[in-house]
Amino acid sequence: MTFDVTVTRTLAAAPEVVRAYMFDPRHDPDCITGIRSVHAPPGPLVVGTRVPRVAAFMRRRVDYVLEVVALEHGLLDMRVTAAPFPMRVTYSVEASGEPRGSRVAIRVRGGPGGFAGLLERPLVRWQVRRNLARDLRLLARRLAE
C-alpha cells in the first residue's frame with residue numbers, strides 16, 4: 001500500500017520567480033518544514049543531480065538523498081535514492097490566471113520500506129499534508145519579502 005499527498009496553493013508571484021526559488025535546493029531549509037541541512041551541488045539542477053539532505057520527521061532524524069528524475073518548464077520531479085523508506089517528491093508551478101500569480105503544487109508519495117509501517121498510518125499522512133501546507137505558506141512569505 002502506498003501514500004500519496006498533494007497540497008496546492010496560489011501565490012502572488014510570477015511562475016518564473018517561484019520556480020527560480022523553489023527549484024534551488026539552497027532555499028530548502030528556509031521553506032521546507034523539517035529540513036535541517038542540504039548539501040546543494042554547485043550550479044543549477046539537471047536530471048541526475050543528487051541532493052543529500054538531513055531532516056526531522058515525527059521527532060526522528062532522516063538522512064536521505066533526492067535525485068532529479070525530471071526537470072521541465074514548471075516541473076521538478078525527484079525520487080529518494082538513499083533513505084529509510086522510498087519516496088517521490090514533485091513540485092509543479094504554473095500560471096494561475098491572476099496577474100503575476102502562480103499555482104504551486106507539492107506532491108509526495110511513498111510506499112513500503114523499512115519505515116513503511118508508520119507511513120501507512122493516517123496520522124503520518126495527516127502530518128505530511130500539514131507539513132506541505134506549512135511549506136507553501138513559508139514559500140509565500142519568502143517570496144513576498
# chains A, B, ... in the order shown; residues from 1 in each chain; ligands from 1

$ residues_around --residues "Pro41 in chain A" --least-positions-apart "3" --cutoff "10 Å" --atoms "only C-alpha atoms" --output "number ranges by chain"
A: 24-26, 38, 44-45, 49-52

$ write_last_selection --atoms "C-alpha atoms" --output "CSV table (one decimal), in the first residue's frame"
chain,number,residue,atom,x,y,z
A,24,ASP,CA,17.0,25.8,-5.9
A,25,PRO,CA,17.8,23.4,-3.1
A,26,ARG,CA,19.9,26.1,-1.2
A,38,VAL,CA,21.0,20.4,2.4
A,44,PRO,CA,21.6,24.5,-11.4
A,45,LEU,CA,19.8,21.2,-11.0
A,49,THR,CA,21.6,15.6,-9.8
A,50,ARG,CA,21.7,14.2,-6.3
A,51,VAL,CA,21.0,16.4,-3.3
A,52,PRO,CA,21.8,14.9,0.2

$ residues_around --residues "Arg142 in chain A" --least-positions-apart "3" --cutoff "12 Å" --atoms "only C-alpha atoms" --output "PyMOL selection string"
chain A and resi 11-13+17-18+21-22+27-32+135-139+145

$ write_last_selection --atoms "N, CA and C atoms" --output "mmCIF file, in the first residue's frame"
data_model
loop_
_atom_site.group_PDB
_atom_site.id
_atom_site.type_symbol
_atom_site.label_atom_id
_atom_site.label_comp_id
_atom_site.auth_asym_id
_atom_site.auth_seq_id
_atom_site.Cartn_x
_atom_site.Cartn_y
_atom_site.Cartn_z
ATOM 1 N N LEU A 11 0.030 31.521 -5.306
ATOM 2 C CA LEU A 11 0.963 32.509 -4.761
ATOM 3 C C LEU A 11 0.931 33.780 -5.596
ATOM 4 N N ALA A 12 1.184 34.904 -4.939
ATOM 5 C CA ALA A 12 1.207 36.200 -5.623
ATOM 6 C C ALA A 12 2.616 36.491 -6.130
ATOM 7 N N ALA A 13 3.097 35.624 -6.997
ATOM 8 C CA ALA A 13 4.417 35.794 -7.618
ATOM 9 C C ALA A 13 4.376 35.118 -8.983
ATOM 10 N N VAL A 17 9.538 33.382 -11.086
ATOM 11 C CA VAL A 17 10.114 33.749 -9.787
ATOM 12 C C VAL A 17 9.968 32.579 -8.817
ATOM 13 N N VAL A 18 8.792 31.970 -8.795
ATOM 14 C CA VAL A 18 8.544 30.826 -7.915
ATOM 15 C C VAL A 18 9.470 29.673 -8.283
ATOM 16 N N TYR A 21 13.151 30.143 -7.214
ATOM 17 C CA TYR A 21 13.356 29.969 -5.773
ATOM 18 C C TYR A 21 13.138 28.518 -5.359
ATOM 19 N N MET A 22 12.028 27.962 -5.771
ATOM 20 C CA MET A 22 11.617 26.635 -5.332
ATOM 21 C C MET A 22 12.506 25.518 -5.887
ATOM 22 N N HIS A 27 17.587 26.941 -0.953
ATOM 23 C CA HIS A 27 16.494 27.588 -0.221
ATOM 24 C C HIS A 27 15.680 26.619 0.623
ATOM 25 N N ASP A 28 15.898 25.334 0.480
ATOM 26 C CA ASP A 28 15.072 24.337 1.170
ATOM 27 C C ASP A 28 14.988 24.524 2.689
ATOM 28 N N PRO A 29 16.097 24.791 3.394
ATOM 29 C CA PRO A 29 15.963 24.963 4.850
ATOM 30 C C PRO A 29 15.075 26.151 5.243
ATOM 31 N N ASP A 30 14.915 27.108 4.349
ATOM 32 C CA ASP A 30 14.102 28.291 4.647
ATOM 33 C C ASP A 30 12.618 28.084 4.395
ATOM 34 N N CYS A 31 12.260 27.091 3.581
ATOM 35 C CA CYS A 31 10.838 26.962 3.247
ATOM 36 C C CYS A 31 10.318 25.528 3.227
ATOM 37 N N ILE A 32 11.085 24.581 3.756
ATOM 38 C CA ILE A 32 10.589 23.202 3.852
ATOM 39 C C ILE A 32 10.662 22.768 5.309
ATOM 40 N N ASP A 135 4.841 24.364 4.322
ATOM 41 C CA ASP A 135 5.908 24.683 3.364
ATOM 42 C C ASP A 135 5.446 25.733 2.356
ATOM 43 N N LEU A 136 4.236 25.571 1.850
ATOM 44 C CA LEU A 136 3.735 26.535 0.864
ATOM 45 C C LEU A 136 3.458 27.892 1.499
ATOM 46 N N ARG A 137 3.039 27.925 2.752
ATOM 47 C CA ARG A 137 2.888 29.216 3.447
ATOM 48 C C ARG A 137 4.239 29.887 3.633
ATOM 49 N N LEU A 138 5.259 29.109 4.025
ATOM 50 C CA LEU A 138 6.607 29.661 4.169
ATOM 51 C C LEU A 138 7.135 30.179 2.838
ATOM 52 N N LEU A 139 6.910 29.418 1.783
ATOM 53 C CA LEU A 139 7.341 29.848 0.446
ATOM 54 C C LEU A 139 6.673 31.172 0.077
ATOM 55 N N GLU A 145 8.907 38.763 0.610
ATOM 56 C CA GLU A 145 9.933 39.612 1.251
ATOM 57 C C GLU A 145 10.679 40.455 0.247
#

$ residues_around --residues "Arg109 in chain A" --least-positions-apart "3" --cutoff "9 Å" --atoms "only C-alpha atoms" --output "PDB file with N, CA and C atoms, in the first residue's frame"
ATOM      1  N   THR A   2       0.473   2.273  -0.708  1.00  0.00           N
ATOM      2  CA  THR A   2       1.268   3.491  -0.787  1.00  0.00           C
ATOM      3  C   THR A   2       0.501   4.677  -0.237  1.00  0.00           C
ATOM      4  N   PHE A   3       1.207   5.771  -0.022  1.00  0.00           N
ATOM      5  CA  PHE A   3       0.543   7.015   0.330  1.00  0.00           C
ATOM      6  C   PHE A   3       0.837   8.019  -0.772  1.00  0.00           C
ATOM      7  N   ASP A   4      -0.065   8.972  -0.941  1.00  0.00           N
ATOM      8  CA  ASP A   4       0.040   9.971  -1.996  1.00  0.00           C
ATOM      9  C   ASP A   4      -0.641  11.233  -1.487  1.00  0.00           C
ATOM     10  N   VAL A   5       0.130  12.273  -1.222  1.00  0.00           N
ATOM     11  CA  VAL A   5      -0.383  13.511  -0.655  1.00  0.00           C
ATOM     12  C   VAL A   5       0.004  14.669  -1.569  1.00  0.00           C
ATOM     13  N   THR A   6      -0.982  15.494  -1.937  1.00  0.00           N
ATOM     14  CA  THR A   6      -0.731  16.688  -2.753  1.00  0.00           C
ATOM     15  C   THR A   6      -1.360  17.887  -2.069  1.00  0.00           C
ATOM     16  N   PRO A  86      11.136   4.491   0.636  1.00  0.00           N
ATOM     17  CA  PRO A  86      11.066   5.062  -0.707  1.00  0.00           C
ATOM     18  C   PRO A  86      10.097   6.241  -0.737  1.00  0.00           C
ATOM     19  N   MET A  87      10.448   7.223  -1.543  1.00  0.00           N
ATOM     20  CA  MET A  87       9.616   8.410  -1.627  1.00  0.00           C
ATOM     21  C   MET A  87       9.874   9.102  -2.960  1.00  0.00           C
ATOM     22  N   ARG A  88       8.859   9.815  -3.424  1.00  0.00           N
ATOM     23  CA  ARG A  88       8.970  10.629  -4.636  1.00  0.00           C
ATOM     24  C   ARG A  88       8.366  11.989  -4.315  1.00  0.00           C
ATOM     25  N   VAL A  89       9.024  13.054  -4.736  1.00  0.00           N
ATOM     26  CA  VAL A  89       8.573  14.419  -4.477  1.00  0.00           C
ATOM     27  C   VAL A  89       8.486  15.150  -5.807  1.00  0.00           C
ATOM     28  N   THR A  90       7.347  15.782  -6.066  1.00  0.00           N
ATOM     29  CA  THR A  90       7.151  16.518  -7.314  1.00  0.00           C
ATOM     30  C   THR A  90       6.674  17.925  -6.996  1.00  0.00           C
TER      31      THR A  90
END

$ select_by_dssp --residues "chain A" --states "alpha helix (DSSP H)" --output "number ranges by chain"
A: 15-22, 28-31, 116-119, 122-144

$ select_by_dssp --residues "range 47-133 of chain A" --states "strand (DSSP E)" --output "PyMOL selection string"
chain A and resi 50-57+60-72+75-82+87-95+102-110

$ write_last_selection --atoms "C-alpha atoms" --output "PDB file, in the first residue's frame"
ATOM      1  CA  ARG A  50      21.653  14.177  -6.318  1.00  0.00           C
ATOM      2  CA  VAL A  51      20.967  16.357  -3.294  1.00  0.00           C
ATOM      3  CA  PRO A  52      21.773  14.930   0.164  1.00  0.00           C
ATOM      4  CA  ARG A  53      19.543  16.227   2.970  1.00  0.00           C
ATOM      5  CA  VAL A  54      19.044  15.843   6.680  1.00  0.00           C
ATOM      6  CA  ALA A  55      15.524  16.288   8.003  1.00  0.00           C
ATOM      7  CA  ALA A  56      13.469  15.685  11.107  1.00  0.00           C
ATOM      8  CA  PHE A  57      10.110  13.975  10.779  1.00  0.00           C
ATOM      9  CA  ARG A  60      13.237  11.310  14.048  1.00  0.00           C
ATOM     10  CA  ARG A  61      16.338  12.228  12.119  1.00  0.00           C
ATOM     11  CA  VAL A  62      16.016  11.226   8.480  1.00  0.00           C
ATOM     12  CA  ASP A  63      19.065  11.278   6.187  1.00  0.00           C
ATOM     13  CA  TYR A  64      18.194  10.936   2.533  1.00  0.00           C
ATOM     14  CA  VAL A  65      19.256  11.773  -0.994  1.00  0.00           C
ATOM     15  CA  LEU A  66      16.875  13.145  -3.626  1.00  0.00           C
ATOM     16  CA  GLU A  67      17.752  12.555  -7.271  1.00  0.00           C
ATOM     17  CA  VAL A  68      16.264  14.722 -10.004  1.00  0.00           C
ATOM     18  CA  VAL A  69      14.445  12.423 -12.452  1.00  0.00           C
ATOM     19  CA  ALA A  70      12.601  15.076 -14.471  1.00  0.00           C
ATOM     20  CA  LEU A  71      13.110  18.792 -14.851  1.00  0.00           C
ATOM     21  CA  GLU A  72      10.915  20.592 -17.315  1.00  0.00           C
ATOM     22  CA  LEU A  75       8.010  20.673 -13.099  1.00  0.00           C
ATOM     23  CA  LEU A  76      10.677  19.223 -10.818  1.00  0.00           C
ATOM     24  CA  ASP A  77      10.323  15.507 -10.066  1.00  0.00           C
ATOM     25  CA  MET A  78      12.697  13.803  -7.608  1.00  0.00           C
ATOM     26  CA  ARG A  79      12.991  10.347  -6.098  1.00  0.00           C
ATOM     27  CA  VAL A  80      14.757   9.174  -2.997  1.00  0.00           C
ATOM     28  CA  THR A  81      17.839   7.108  -3.771  1.00  0.00           C
ATOM     29  CA  ALA A  82      19.052   6.647  -0.202  1.00  0.00           C
ATOM     30  CA  MET A  87       9.616   8.410  -1.627  1.00  0.00           C
ATOM     31  CA  ARG A  88       8.970  10.629  -4.636  1.00  0.00           C
ATOM     32  CA  VAL A  89       8.573  14.419  -4.477  1.00  0.00           C
ATOM     33  CA  THR A  90       7.151  16.518  -7.314  1.00  0.00           C
ATOM     34  CA  TYR A  91       6.956  20.301  -7.473  1.00  0.00           C
ATOM     35  CA  SER A  92       4.830  21.914 -10.156  1.00  0.00           C
ATOM     36  CA  VAL A  93       4.414  25.610 -10.893  1.00  0.00           C
ATOM     37  CA  GLU A  94       2.089  27.127 -13.484  1.00  0.00           C
ATOM     38  CA  ALA A  95       0.444  30.465 -14.158  1.00  0.00           C
ATOM     39  CA  SER A 102       1.253  31.098  -9.725  1.00  0.00           C
ATOM     40  CA  ARG A 103      -0.480  27.864  -8.837  1.00  0.00           C
ATOM     41  CA  VAL A 104       2.003  25.717  -6.951  1.00  0.00           C
ATOM     42  CA  ALA A 105       1.644  22.048  -6.008  1.00  0.00           C
ATOM     43  CA  ILE A 106       3.833  19.747  -3.951  1.00  0.00           C
ATOM     44  CA  ARG A 107       3.135  16.043  -4.248  1.00  0.00           C
ATOM     45  CA  VAL A 108       4.792  13.432  -2.030  1.00  0.00           C
ATOM     46  CA  ARG A 109       4.272   9.711  -2.499  1.00  0.00           C
ATOM     47  CA  GLY A 110       5.905   6.699  -0.961  1.00  0.00           C
TER      48      GLY A 110
END

$ atom_distance --atom1 "CA of Glu16 in chain A" --atom2 "CA of Gly74 in chain A"
8.3 Å
